[in-house]
Structures are given as C-alpha cells and as structure tokens.
Amino acid sequence: MSGLNDSKSPFCIALVDLLPALRWGDPRQLGPLLEDPRLPETWWNDTSLNDVTATIGAEEVAHRAAQALRAHWPYLTLGVALPNLCFCPEGQGTDLSVTIEQAVSDAATEEEVEALAGLVQPLLRPFLMSGRNLMEPAPAASHETAEETDQDARSLADTLVRLIPADAAPAIRAAADTLRAWAQEHPEENSSTSTRAAEGETGATPGAETGSALLEVPLNALESLISDWNERQLSVAAGRTFGQNRISLESLGEQFGVSRERARQIQVELEKKIQLWLHSGAGQPFLGHLLAVQELLGPVATETELRELHPVHEIAVPALGLPLWQLIASLLPDRTWTSGWLVEGDLDERIEQARAELTRRCSQSAPVWAEVVELLAELGIREAAAEEWLLAVKGFRVTEGHLLPWGRSVNDRAEAVLMLVGRPLAMEDLLARLDDGTALASLRNQIQTDDRFIRRDRDLYGLRTWGGVEYLGIRDMITRELESVGGEAKSEDIITSLCSQFDVSDKSVRAYLAAPEFERFKRGWIRVAASTETGSSDYQPRRDVAQTRRCFQTGQGTWWYRLDVNGEHLRGSGFTIPAGFAAHLGLTPGGRLELSHDVGDIQLVWRNQPSCGSIRPLLERMDVVEGDHVFVAAKDGRLKALRLADEPDLNLTDTQRALRLMALSGHVTEKDMPAVLGRRIGLTDARAMDEVLAHLRIRGDKDILELLSEQYEPELSSTAALDEELNVQATPAGDLNSAPTPQHSAPNPQSTGNTDNAAKQLAKADFRDPAWDEVIIPLLTEDSEADLLRLAQTLANQGKSAPVFGFELGEDGWQADFAWDHDTAKVAVALAAQDGHTESEAESRDLAYRAAGWTIHSDTDWLAHLDELLALLPDATPGS
C-alpha cells in the first residue's frame, strides 16, 4: 500500500494509493463498479488522481470508490480501508477502529454508499488542481515542465510546514514532515505523469517487489516500529492490539492510572501509528511480508499454517513477549483473525456456505474424501486445513473414507450409516459403526419408533425406502401370510414361507400356529380365529392406571406418569411406559400414538411392550438434569410435561419428599392427608392413611412407601421389612425402564440328584390345564427335547398353568421355549443348545431376559430345581 509517504511525487498518486484494498482486488469484479467510459481501463491502478478528478469530478470518484468498498470490503476497518483519513479534519473525529459496515449502519440502505463517499471525498482535496481532462487532447510534455512541477512540490511542502499551527494534531504534523522529507530526498526525481509516459514506465505500485516473497528475517523489519514505543504503548500492543486474549480497557486503565476512555485513546493512537508505519517507506518491507503471507495462505487458513509458514514466526518479539505470528495475524490487511482461523471475509458466512455445499453434495451420495477436498478447495480451503475446517463446520463425519451428514439425533446418524453401507445391519453392527457413545438400548428404541427404518429380520434393520418384506414378529407375520392368500392356508406352507424369509425356527412357527389366535378348521389348514383381534380397542390391561405405580391424578382428573430422569433419557433414549398408563392414553398392543409437544413431535408404540420415543428436546428446554422427576400426560393430541420447582432437599421432611414424588408441592395438613393422597392414586373416598398405604403397596410404589412408613407405619420403616411386605408385588407388565430385576439363585443341578426321581416324587394335582395336552406336549419330541418334555409333563401334573409356547422377547426376538408372563413372576425355559445357537448366543439371550426382569434357565436346570420353579408358577384354575 502507498500514500503520501511513498517515494513517488504526490502529484502522481492513483486511487489505489489512497484505498489500498483496490490494489489486491480482482479487476473483473471491480470493473462494473469503477469503470467509466471517460477513463482508461483499470484507471484506479495507474491514472493520476489529479487527471481523474479533472475528468469526472471528485464526487463521482468518491461515489464509485465507496461502491467498491461497500460491496467487497465491508469488514475492513476505516483505518485499514482509508489509512490517510487520519490526516483530514474529518478523520480526527471519526473512530477508525470500526468496520465500514459499522460506520454506515446508521444510514438508510439507499444512503449507505453516500455516507461512505462522504469519508472518501476529503482524501481527494489535494488532487483538485493541476489535473488534465483526459477527454481533451494531451499537451506536449517537456522536461522543463517536469522540473517546474518538482520544484513546486518542494515549495508546497515548505509552505505547508510553515502554515501548520503549533497545536495541530500529531498525525497532521507527521504527515507534513514526511512530505518535506520526500521533497528533500528526491530533488531531481522526475515523476510527473507526462514524464512517466515519455519514459515508458509501467506504473508499478510500491510493495509489488516484496509482495510475492517472504522476508528472510521479518523480525528485523519491525525494529523501526517498536523501538520508540513507551511502556504504555507496549502494554496496549501486547494486551489488546496483538493479544489473543484481549485485556479489558478497564484493566489497562487501572494499570496506567487513567480512565477507560484514555486507555482506548492510547490504543487508537497506537494503531494509527502502526498503519502510518506500514504505509511508509520504513514499513514497506514488512507490509510486503504480510502480503506474501496472505497470498501463500489463501482465503482460509489456520493459525497452525501461519506458524509453520516461516521458521521465524514462532520466535517471540522481545519487547512484547508475543510470538511474531500473532502480530502478523493481527496486521494482515485483508484477513479476519477469529477462533483460530485467518479468513477473507466473515468466518460464519464461510462456514454456512461450506455447510450448504456439503449438505447438497451429501444428499446425492456419500462423497469420498478426495471429492470433499476438491469441493472445499473451490471454497478457498486448502487440503491441509480440510479436516480442521470440517470440525468447525460441524454436522459431518468421515467414515470409511466417505463424508456423511452427522446429525444431532442418533436416528439421523444411523440413517447416514445405512445409506453408506447399502444393506441392512444387525443392531450391534450398526452401533459399532456409529461409535458415538450411544447405548444399545437407546439405539434400539430410537430405530424401532422411527418410520424411516424397517426391520428386515429378527436382528436386521434397514431403510424403508429400500423396500422389502418387514419382519413383524411371528404372530403378525402368520396373519400377514394368511391375508395374502385369502385368509386360509396349509400350516406347512406358512412354516416353509416364514422360515425361508426370516431367521426363525419351524418349531417357533408351529408353536404360534397352535395359539388361540388361529383356528384349525380342517386337517393341516389354519385361518385367523374370528374372535381374536390383537390390539382391539376394548383392550383391558391387567392393571388400570389407578393401580399402576408412578401414575398420579390431578384435581382436573388428568393422569400423569412420573419419569425419573437418568442419563439415558438426557442422551436421547426412549423409554418404556406402564401398560396401564399406555392403555389410559388410548394405546393398544400393536398400535401407535402420535403426540406433539412444544418443541416437536413424539410417537408412542406398543409392540412387545409400550414405549415412548425420545423427549430429549423437551427435557433440554425444561433444563432438566439427571435425578429430576418429570411428570408427563397427554391430552387432545399433545404431550404435556411439568417439573416441580426446585426446593433445597435439606429443608424437606420425608413426607414432603413423598408428596413431591406424587406431584404435590404445596402443604397438606395431617387431617387432609388421606383424602388428598387417596385422590392422587385413584381412591375417591380414602379416610385413613392405612387405606392409602395399602393401595400404594398394591401399586408397587416402594419409594413413596419408604418415605411415608417412618411416620405412618414405623414397624415397616426399614427397607428389609418393606421388601418382605412387597415380596411379590412386582412392577406391572410393561414398566420395564425402572423395574427391579427379580433375583433368583441359579439352580445347581448337583443339589437334588436325579431329575427323573425328582419329577416322579411329586403327587398329581386335582386340576390339569388342558392347554398342556392340546397345544404344547403334542409338539414336543422325545428324541431332541426329552428334558423339555419331562418338564412339561411334570408341570402339567402339578396343576400349573400352561406357558406361552415359543415366546419371543423384545424386538430382538430372543426365543424361549416356555414363558410365563405374570404379575407375580416372569419365568422362562430354554433349551441348553437351541437350534444350533452358540453358547455366546445363549448367553446373550439369557442376559436380555434377565435385564428385562425375567428368571430364565435351561430345561435341565429347572428339572434339577423343580421346587423353586413350582413356587414361582401360578396354579391353573378351571375356566382360566
């Protein structure tokens, strides 16, 4: 950049010498704003301003210059865009540290250019005389004229110095001294426009020689700038002008013993001095280094790239205690240094532009890394900074050499992974590819409640857009097969079709075919039984909402379910809800319920058990943390949620804590306690706390009982006593997200001796469940299922109710041969080596059952511990 301090005559200054940004702009972009048919092409680079103002007028020049600055460099400060403005009276009252955009922000949109032109026009005053109208013929040039012009320049410089008053601003005095020094140092220089034309000069601007190469020792170039700074100026430079962590003006004022405003003035004066130095002859080498750095780094670069660009950049500037690269980053004329990036223009705008381009590209397919690098290069990001730039953009991740859109929700990320792989994946495989800390249970809940995904087999999930036959569970798939062939089919055809399409055993299919949902109307043929409609609207749960733990009724009759928030909920996991509460909302087995809330929508689905999708956005909006209690309800298609106001836990009694667990935060008198708590849990006429406690016990609200028992049932206040009292009051079916897992000791086959003898020593019961002989025992074979057959015969003889035969647990379809799903116990029996499954698969199956609150062992182990099994199972009753 160049100004009045340059080594050429002041009468040969072009517009780029007053507006340095124009020198580095693209003429193709500047042309539409600056070109004029009365002036030469790219006149702003090499045509004397005296001639330009004489041809089109100063107002037109200022207007065109303001248009270019406003359009292409709104982010430059006035001190950088108009460095000579500080010499003008108008500049003395202008804050040169604000950007162009900020300087014109008070003007109306159509007046912004005129407001900026008002700051450019004062710079043109010295060029309103001695110019030549370029539309007129040029007079003949002579050597005498050039000499007279140089003589006039020296005379003008001396005159200006004499006319400046003693109290003039230091910047004005410095400018005049510089002008006189130039006149004395170049007494014989001929640099008028006519002489330059006569000698064929190119009009190259100062700094062009140094603009393309780095200095060998850039630190030396700074010595003339910093050597005469006082202590205050050094502190300001290190703490604010060049510092990464800027010290506040208040702190600097306290350090200097001056006001905040005076500290700001010191900073402004220092930064003006720096700009003057950069555009002086002494500062030209360092300015050339800055421009070379800028050119080598490109429009977007990291701090690391700047540090590594030159071995000296890491060296500290002694007087400041700062590395040289920080000074360079602060002084680059056409770059913004922010958040570790050196960017041409606005960082946020560039990030948004990159995000839009990457999103558009990823919507077509997952690009390979080379394509990503090429796309980023088009946006000005070099390959060395590509990975770091992606981290700044956010929302993307490189997986297996491809760029994937990486959304906030696990559903979006799972969709991206499946799109890349192009085939269905097992849940564990999908989890491993995500590798983002999501829990398996959370992933399963989210996938199963999102219509973008389809279950393609017992443990395979893909995208619904791919098509294919959906795995629904054996019972529903039998119904689908029957419907596809007109409602009736041969049993063997159904078995063959399902076993060929999905990973299910023929034994499991046969077991479901024997269920009451299907009718055997002639030998070998089945159809759907007319009286069975799974998920019908008249579904009645085992326990209604008033008998379901954690469900509480407000005075308006609305039932709320208490969710005890844990880390999985906050990370976006869905959760199961009690069957009684789900049925109260109108959800039925196999059904789906869609609700909206303040920040989105949610789905409740009842497959094997009722479950609710993620409510993480709602929890975040409510500022919920782990351990909080949130109460949810549904009305008119909307999900409502509330959290009681925080209360210091130390100030609460046990009774008050119990009331808060029931969504009661106000004071309840001892007299009103039975009625208020009774209504809360569905007892309309409770008169004594004994009734309330008994109902809480039936519901299984152990946490509330523990808090209330200290006052109302001292003999049951200990945890052990309550455990004994609530021994078999298990959580209602479906409430698995917090249900305690029944603990049973593992059977020890060696403890009872021969299993045959153990079975034979038991006496027969009076009543035998007919389902054993009609549905289960006929399907068992002596050869491969001898122990299972013996176990079935023993349990039938002992009058135990028949199990579900060929049971599947959860969406993973973990299979058990026998399963009893009762309020008092959940018991399962599985073959030790089922259908060729490995020991690890059997172990995973058992872990899944136990995690869901089941007691599961092999047929052989149960035979060895018949007493324990018989104690767990309910007796069959006539008509049950």
# chains A, B, ... in the order shown; residues from 1 in each chain; ligands from 1

$ residues_around --residues "A:Leu297" --least-positions-apart "6" --cutoff "9 Å" --atoms "only C-alpha atoms" --output "list in words"
Glu305, Leu306, Leu309, Leu342 and Arg382 of chain A

$ residues_around --residues "stretch 874-878 of chain A" --least-positions-apart "3" --cutoff "6 Å" --atoms "only C-alpha atoms" --output "number ranges by chain"
A: 769, 799-801

$ write_last_selection --atoms "all heavy atoms" --output "mmCIF file, in the first residue's frame"
data_model
loop_
_atom_site.group_PDB
_atom_site.id
_atom_site.type_symbol
_atom_site.label_atom_id
_atom_site.label_comp_id
_atom_site.auth_asym_id
_atom_site.auth_seq_id
_atom_site.Cartn_x
_atom_site.Cartn_y
_atom_site.Cartn_z
ATOM 1 N N ASP A 769 -54.311 -78.165 33.466
ATOM 2 C CA ASP A 769 -54.584 -77.199 32.397
ATOM 3 C C ASP A 769 -54.635 -77.937 31.062
ATOM 4 O O ASP A 769 -53.641 -78.560 30.647
ATOM 5 C CB ASP A 769 -53.481 -76.127 32.373
ATOM 6 C CG ASP A 769 -53.842 -74.951 31.477
ATOM 7 O OD1 ASP A 769 -54.646 -75.138 30.550
ATOM 8 O OD2 ASP A 769 -53.298 -73.857 31.697
ATOM 9 N N GLY A 799 -50.517 -79.241 38.123
ATOM 10 C CA GLY A 799 -51.603 -78.267 38.043
ATOM 11 C C GLY A 799 -51.152 -76.849 37.775
ATOM 12 O O GLY A 799 -51.878 -75.897 38.100
ATOM 13 N N LYS A 800 -49.977 -76.671 37.162
ATOM 14 C CA LYS A 800 -49.503 -75.323 36.865
ATOM 15 C C LYS A 800 -50.097 -74.857 35.534
ATOM 16 O O LYS A 800 -50.350 -75.653 34.635
ATOM 17 C CB LYS A 800 -47.969 -75.299 36.797
ATOM 18 C CG LYS A 800 -47.320 -75.625 38.142
ATOM 19 C CD LYS A 800 -47.783 -74.656 39.229
ATOM 20 C CE LYS A 800 -47.182 -74.992 40.581
ATOM 21 N NZ LYS A 800 -47.681 -74.073 41.640
ATOM 22 N N SER A 801 -50.294 -73.548 35.419
ATOM 23 C CA SER A 801 -50.873 -73.007 34.188
ATOM 24 C C SER A 801 -49.905 -73.204 33.026
ATOM 25 O O SER A 801 -48.683 -73.177 33.206
ATOM 26 C CB SER A 801 -51.185 -71.515 34.351
ATOM 27 O OG SER A 801 -49.989 -70.785 34.584
#

$ residues_around --residues "stretch 343-348 of chain A" --least-positions-apart "2" --cutoff "8 Å" --atoms "only C-alpha atoms" --output "short mmCIF file (atom, residue, chain, number, x, y, z; two decimals) with C-alpha atoms, in the first residue's frame"
data_model
loop_
_atom_site.label_atom_id
_atom_site.label_comp_id
_atom_site.auth_asym_id
_atom_site.auth_seq_id
_atom_site.Cartn_x
_atom_site.Cartn_y
_atom_site.Cartn_z
CA TRP A 73 -14.64 -4.99 1.87
CA TYR A 75 -15.41 -5.99 7.10
CA PRO A 299 -8.54 -17.01 1.66
CA VAL A 300 -8.89 -19.50 4.54
CA ALA A 301 -6.09 -20.80 6.75
CA ASP A 334 -7.38 -8.36 4.11
CA ARG A 335 -7.97 -11.12 6.66
CA THR A 336 -10.05 -11.54 9.80
CA TRP A 337 -8.39 -13.43 12.66
CA THR A 338 -11.01 -15.20 14.74
CA TRP A 341 -8.83 -19.01 11.64
CA ARG A 350 -17.97 -19.00 5.01
CA ILE A 351 -18.93 -21.80 7.41
CA GLU A 352 -22.58 -21.55 6.37
#

$ residues_around --residues "A:Val528" --least-positions-apart "3" --cutoff "12 Å" --atoms "only C-alpha atoms" --output "ChimeraX atom specification"
/A:475-483,486-489,512-521,525,531-534

$ residues_around --residues "A:Gln501" --least-positions-apart "2" --cutoff "10 Å" --atoms "only C-alpha atoms" --output "JSON list (two decimals) with N, CA and C atoms, in the first residue's frame"
[["chain", "number", "residue", "atom", "x", "y", "z"],
["A", 456, "ARG", "N", -35.89, -55.93, 8.93],
["A", 456, "ARG", "CA", -35.88, -56.88, 7.84],
["A", 456, "ARG", "C", -35.73, -58.33, 8.30],
["A", 457, "ASP", "N", -35.29, -58.54, 9.54],
["A", 457, "ASP", "CA", -35.21, -59.88, 10.09],
["A", 457, "ASP", "C", -35.15, -59.76, 11.60],
["A", 469, "VAL", "N", -39.66, -57.05, 2.53],
["A", 469, "VAL", "CA", -40.70, -57.55, 3.44],
["A", 469, "VAL", "C", -40.28, -57.25, 4.88],
["A", 471, "TYR", "N", -40.13, -57.62, 8.93],
["A", 471, "TYR", "CA", -40.26, -58.61, 10.00],
["A", 471, "TYR", "C", -41.13, -58.00, 11.08],
["A", 496, "THR", "N", -42.98, -73.07, 5.89],
["A", 496, "THR", "CA", -41.95, -73.02, 4.85],
["A", 496, "THR", "C", -41.69, -71.58, 4.42],
["A", 497, "SER", "N", -42.74, -70.80, 4.23],
["A", 497, "SER", "CA", -42.59, -69.42, 3.76],
["A", 497, "SER", "C", -41.84, -68.56, 4.78],
["A", 498, "LEU", "N", -42.22, -68.62, 6.05],
["A", 498, "LEU", "CA", -41.59, -67.79, 7.06],
["A", 498, "LEU", "C", -40.14, -68.20, 7.32],
["A", 499, "CYS", "N", -39.90, -69.52, 7.36],
["A", 499, "CYS", "CA", -38.53, -69.99, 7.64],
["A", 499, "CYS", "C", -37.59, -69.67, 6.48],
["A", 503, "ASP", "N", -35.02, -65.47, 9.86],
["A", 503, "ASP", "CA", -34.24, -66.33, 10.75],
["A", 503, "ASP", "C", -35.12, -66.77, 11.93],
["A", 504, "VAL", "N", -36.08, -67.63, 11.63],
["A", 504, "VAL", "CA", -36.96, -68.19, 12.67],
["A", 504, "VAL", "C", -36.95, -69.71, 12.53]]

$ residues_around --residues "A:Phe552" --least-positions-apart "4" --cutoff "10 Å" --atoms "only C-alpha atoms" --output "list of chain:residue names"
A:Val545, A:Ala546, A:Gln547, A:Thr548, A:Gly557, A:Thr558, A:Trp559, A:Trp560, A:Tyr561, A:Arg562, A:Phe631, A:Ala633, A:Leu661, A:Met662, A:Ala663, A:Leu664, A:Leu677, A:Gly678, A:Arg679, A:Arg680, A:Ile681, A:Gly682

$ residues_around --residues "A:Leu604" --least-positions-apart "5" --cutoff "10 Å" --atoms "only C-alpha atoms" --output "ChimeraX atom specification"
/A:449,574-577,582,585,587,591-595,610-614

$ atom_distance --atom1 "atom CA of A:Asn797" --atom2 "atom CA of A:Leu866"
12.6 Å

$ atom_distance --atom1 "atom CA of A:Ala529" --atom2 "atom CA of A:Ser491"
14.4 Å

$ select_by_dssp --residues "stretch 350-556 of chain A" --states "strand (DSSP E or B)" --output "JSON, numbers by chain"
{"A": [368, 381, 396, 397, 398, 399, 402, 403, 404, 405, 425, 453, 454, 455, 456, 457, 460, 461, 462, 463, 488, 489, 490, 518, 519, 520, 521, 522, 525, 526, 527, 528, 551, 552, 553]}

$ write_last_selection --atoms "N, CA and C atoms" --output "JSON list (two decimals), in the first residue's frame"
[["chain", "number", "residue", "atom", "x", "y", "z"],
["A", 368, "VAL", "N", -16.40, -39.41, -1.51],
["A", 368, "VAL", "CA", -15.13, -39.87, -0.96],
["A", 368, "VAL", "C", -14.32, -38.64, -0.55],
["A", 381, "ILE", "N", -10.58, -23.40, 0.78],
["A", 381, "ILE", "CA", -9.96, -24.12, 1.91],
["A", 381, "ILE", "C", -8.96, -25.12, 1.35],
["A", 396, "PHE", "N", -20.88, -33.10, 10.20],
["A", 396, "PHE", "CA", -20.38, -34.07, 9.23],
["A", 396, "PHE", "C", -19.31, -34.92, 9.89],
["A", 397, "ARG", "N", -19.12, -36.13, 9.36],
["A", 397, "ARG", "CA", -18.07, -37.01, 9.86],
["A", 397, "ARG", "C", -17.57, -37.88, 8.73],
["A", 398, "VAL", "N", -16.27, -38.14, 8.73],
["A", 398, "VAL", "CA", -15.68, -39.02, 7.73],
["A", 398, "VAL", "C", -15.70, -40.44, 8.28],
["A", 399, "THR", "N", -16.36, -41.34, 7.56],
["A", 399, "THR", "CA", -16.49, -42.73, 7.95],
["A", 399, "THR", "C", -16.12, -43.61, 6.77],
["A", 402, "HIS", "N", -15.55, -41.89, 3.51],
["A", 402, "HIS", "CA", -16.65, -41.14, 2.92],
["A", 402, "HIS", "C", -17.13, -40.09, 3.91],
["A", 403, "LEU", "N", -17.65, -38.99, 3.36],
["A", 403, "LEU", "CA", -18.22, -37.94, 4.20],
["A", 403, "LEU", "C", -19.70, -38.20, 4.39],
["A", 404, "LEU", "N", -20.13, -38.23, 5.67],
["A", 404, "LEU", "CA", -21.53, -38.48, 5.99],
["A", 404, "LEU", "C", -22.10, -37.28, 6.73],
["A", 405, "PRO", "N", -23.35, -36.92, 6.46],
["A", 405, "PRO", "CA", -24.01, -35.92, 7.31],
["A", 405, "PRO", "C", -24.22, -36.51, 8.69],
["A", 425, "LEU", "N", -28.35, -53.94, 8.60],
["A", 425, "LEU", "CA", -27.33, -54.28, 9.59],
["A", 425, "LEU", "C", -27.97, -54.76, 10.87],
["A", 453, "PHE", "N", -37.01, -46.42, 9.24],
["A", 453, "PHE", "CA", -36.32, -47.70, 9.30],
["A", 453, "PHE", "C", -37.32, -48.85, 9.23],
["A", 454, "ILE", "N", -36.86, -49.97, 8.74],
["A", 454, "ILE", "CA", -37.68, -51.17, 8.63],
["A", 454, "ILE", "C", -36.90, -52.35, 9.18],
["A", 455, "ARG", "N", -37.58, -53.18, 9.94],
["A", 455, "ARG", "CA", -36.95, -54.38, 10.48],
["A", 455, "ARG", "C", -37.05, -55.47, 9.42],
["A", 456, "ARG", "N", -35.89, -55.93, 8.93],
["A", 456, "ARG", "CA", -35.88, -56.88, 7.84],
["A", 456, "ARG", "C", -35.73, -58.33, 8.30],
["A", 457, "ASP", "N", -35.29, -58.54, 9.54],
["A", 457, "ASP", "CA", -35.21, -59.88, 10.09],
["A", 457, "ASP", "C", -35.15, -59.76, 11.60],
["A", 460, "LEU", "N", -32.06, -57.57, 12.04],
["A", 460, "LEU", "CA", -31.54, -56.81, 10.90],
["A", 460, "LEU", "C", -32.46, -55.62, 10.63],
["A", 461, "TYR", "N", -31.85, -54.45, 10.48],
["A", 461, "TYR", "CA", -32.61, -53.23, 10.26],
["A", 461, "TYR", "C", -32.04, -52.51, 9.04],
["A", 462, "GLY", "N", -32.94, -52.02, 8.20],
["A", 462, "GLY", "CA", -32.54, -51.27, 7.01],
["A", 462, "GLY", "C", -33.40, -50.02, 6.86],
["A", 463, "LEU", "N", -33.33, -49.40, 5.69],
["A", 463, "LEU", "CA", -34.12, -48.21, 5.41],
["A", 463, "LEU", "C", -35.41, -48.60, 4.69],
["A", 488, "GLU", "N", -56.90, -68.32, 4.34],
["A", 488, "GLU", "CA", -56.72, -69.71, 4.72],
["A", 488, "GLU", "C", -55.47, -70.27, 4.03],
["A", 489, "ALA", "N", -54.75, -71.17, 4.73],
["A", 489, "ALA", "CA", -53.55, -71.76, 4.13],
["A", 489, "ALA", "C", -53.19, -73.02, 4.88],
["A", 490, "LYS", "N", -52.36, -73.85, 4.24],
["A", 490, "LYS", "CA", -51.83, -75.02, 4.90],
["A", 490, "LYS", "C", -50.77, -74.61, 5.92],
["A", 518, "PHE", "N", -55.34, -68.45, 16.11],
["A", 518, "PHE", "CA", -55.51, -69.13, 14.82],
["A", 518, "PHE", "C", -56.38, -70.38, 14.99],
["A", 519, "GLU", "N", -57.20, -70.64, 14.02],
["A", 519, "GLU", "CA", -58.19, -71.71, 14.08],
["A", 519, "GLU", "C", -57.83, -72.82, 13.08],
["A", 520, "ARG", "N", -57.80, -74.07, 13.58],
["A", 520, "ARG", "CA", -57.57, -75.23, 12.71],
["A", 520, "ARG", "C", -58.94, -75.80, 12.31],
["A", 521, "PHE", "N", -59.39, -75.40, 11.12],
["A", 521, "PHE", "CA", -60.76, -75.75, 10.72],
["A", 521, "PHE", "C", -60.83, -77.06, 9.94],
["A", 522, "LYS", "N", -59.70, -77.57, 9.42],
["A", 522, "LYS", "CA", -59.64, -78.91, 8.84],
["A", 522, "LYS", "C", -58.19, -79.36, 8.90],
["A", 525, "TRP", "N", -54.91, -77.32, 7.89],
["A", 525, "TRP", "CA", -55.23, -75.98, 7.42],
["A", 525, "TRP", "C", -55.55, -75.07, 8.62],
["A", 526, "ILE", "N", -55.19, -73.76, 8.47],
["A", 526, "ILE", "CA", -55.47, -72.80, 9.54],
["A", 526, "ILE", "C", -56.05, -71.52, 8.94],
["A", 527, "ARG", "N", -56.65, -70.72, 9.81],
["A", 527, "ARG", "CA", -57.12, -69.39, 9.46],
["A", 527, "ARG", "C", -57.17, -68.56, 10.75],
["A", 528, "VAL", "N", -57.34, -67.25, 10.62],
["A", 528, "VAL", "CA", -57.41, -66.39, 11.79],
["A", 528, "VAL", "C", -58.74, -66.62, 12.50],
["A", 551, "CYS", "N", -48.16, -43.42, 38.61],
["A", 551, "CYS", "CA", -49.23, -42.69, 37.94],
["A", 551, "CYS", "C", -50.06, -41.94, 38.98],
["A", 552, "PHE", "N", -50.31, -40.65, 38.73],
["A", 552, "PHE", "CA", -50.97, -39.82, 39.73],
["A", 552, "PHE", "C", -51.98, -38.91, 39.04],
["A", 553, "GLN", "N", -53.10, -38.69, 39.73],
["A", 553, "GLN", "CA", -54.21, -37.92, 39.17],
["A", 553, "GLN", "C", -54.28, -36.55, 39.81]]

$ atom_distance --atom1 "atom CA of A:Ala852" --atom2 "atom CA of A:Leu431"
20.4 Å

$ decode --residues "stretch 211-244 of chain A" --atoms "N, CA and C atoms" --output "compact mmCIF listing (two decimals), in the first residue's frame"
# COMPACT_ATOMS: atom_id res chain seq x y z
N GLY A 211 5.80 -8.08 -2.40
CA GLY A 211 4.51 -8.69 -2.14
C GLY A 211 4.46 -10.16 -2.48
N SER A 212 5.43 -10.68 -3.21
CA SER A 212 5.37 -12.08 -3.63
C SER A 212 6.39 -12.95 -2.93
N ALA A 213 7.16 -12.40 -1.98
CA ALA A 213 8.19 -13.20 -1.33
C ALA A 213 8.25 -12.86 0.15
N LEU A 214 8.52 -13.89 0.97
CA LEU A 214 8.65 -13.69 2.41
C LEU A 214 10.02 -13.11 2.73
N LEU A 215 10.07 -12.28 3.77
CA LEU A 215 11.36 -11.76 4.24
C LEU A 215 12.15 -12.87 4.91
N GLU A 216 13.45 -12.81 4.78
CA GLU A 216 14.28 -13.81 5.46
C GLU A 216 14.24 -13.58 6.97
N VAL A 217 14.32 -12.33 7.38
CA VAL A 217 14.32 -12.01 8.81
C VAL A 217 13.25 -10.94 9.07
N PRO A 218 11.98 -11.34 9.11
CA PRO A 218 10.92 -10.33 9.29
C PRO A 218 10.99 -9.61 10.63
N LEU A 219 11.62 -10.23 11.63
CA LEU A 219 11.73 -9.56 12.93
C LEU A 219 12.52 -8.26 12.82
N ASN A 220 13.57 -8.26 11.99
CA ASN A 220 14.39 -7.05 11.85
C ASN A 220 13.59 -5.89 11.30
N ALA A 221 12.60 -6.22 10.42
CA ALA A 221 11.80 -5.15 9.80
C ALA A 221 10.93 -4.44 10.81
N LEU A 222 10.65 -5.06 11.95
CA LEU A 222 9.79 -4.46 12.97
C LEU A 222 10.54 -3.51 13.90
N GLU A 223 11.88 -3.55 13.84
CA GLU A 223 12.66 -2.81 14.84
C GLU A 223 12.36 -1.32 14.79
N SER A 224 12.24 -0.75 13.57
CA SER A 224 11.99 0.69 13.46
C SER A 224 10.62 1.07 13.97
N LEU A 225 9.68 0.12 14.03
CA LEU A 225 8.34 0.41 14.53
C LEU A 225 8.29 0.39 16.05
N ILE A 226 8.87 -0.64 16.65
CA ILE A 226 8.69 -0.88 18.08
C ILE A 226 9.72 -0.17 18.94
N SER A 227 10.85 0.19 18.35
CA SER A 227 11.98 0.67 19.16
C SER A 227 11.66 1.94 19.96
N ASP A 228 10.74 2.80 19.45
CA ASP A 228 10.48 4.05 20.17
C ASP A 228 9.16 4.03 20.94
N TRP A 229 8.55 2.84 21.12
CA TRP A 229 7.30 2.77 21.89
C TRP A 229 7.58 2.89 23.37
N ASN A 230 6.71 3.61 24.08
CA ASN A 230 6.86 3.72 25.53
C ASN A 230 6.18 2.54 26.22
N GLU A 231 6.23 2.53 27.54
CA GLU A 231 5.72 1.39 28.31
C GLU A 231 4.22 1.20 28.09
N ARG A 232 3.47 2.30 28.04
CA ARG A 232 2.04 2.19 27.83
C ARG A 232 1.72 1.58 26.46
N GLN A 233 2.41 2.05 25.45
CA GLN A 233 2.15 1.55 24.10
C GLN A 233 2.50 0.06 23.99
N LEU A 234 3.57 -0.34 24.62
CA LEU A 234 3.94 -1.76 24.60
C LEU A 234 2.87 -2.61 25.30
N SER A 235 2.35 -2.10 26.42
CA SER A 235 1.32 -2.85 27.15
C SER A 235 0.05 -2.97 26.33
N VAL A 236 -0.34 -1.88 25.67
CA VAL A 236 -1.54 -1.91 24.83
C VAL A 236 -1.36 -2.87 23.66
N ALA A 237 -0.18 -2.80 23.04
CA ALA A 237 0.08 -3.68 21.89
C ALA A 237 0.01 -5.15 22.30
N ALA A 238 0.65 -5.49 23.43
CA ALA A 238 0.67 -6.89 23.86
C ALA A 238 -0.68 -7.35 24.39
N GLY A 239 -1.41 -6.43 25.05
CA GLY A 239 -2.65 -6.83 25.70
C GLY A 239 -3.89 -6.73 24.85
N ARG A 240 -3.87 -5.86 23.81
CA ARG A 240 -5.10 -5.68 23.02
C ARG A 240 -4.85 -5.76 21.51
N THR A 241 -3.91 -4.98 21.01
CA THR A 241 -3.74 -4.92 19.56
C THR A 241 -3.33 -6.26 18.97
N PHE A 242 -2.39 -6.94 19.63
CA PHE A 242 -1.88 -8.20 19.08
C PHE A 242 -2.21 -9.40 19.94
N GLY A 243 -2.78 -9.21 21.12
CA GLY A 243 -3.01 -10.33 22.03
C GLY A 243 -4.18 -11.20 21.62
N GLN A 244 -4.06 -12.51 21.84
CA GLN A 244 -5.17 -13.42 21.57
C GLN A 244 -6.28 -13.24 22.60
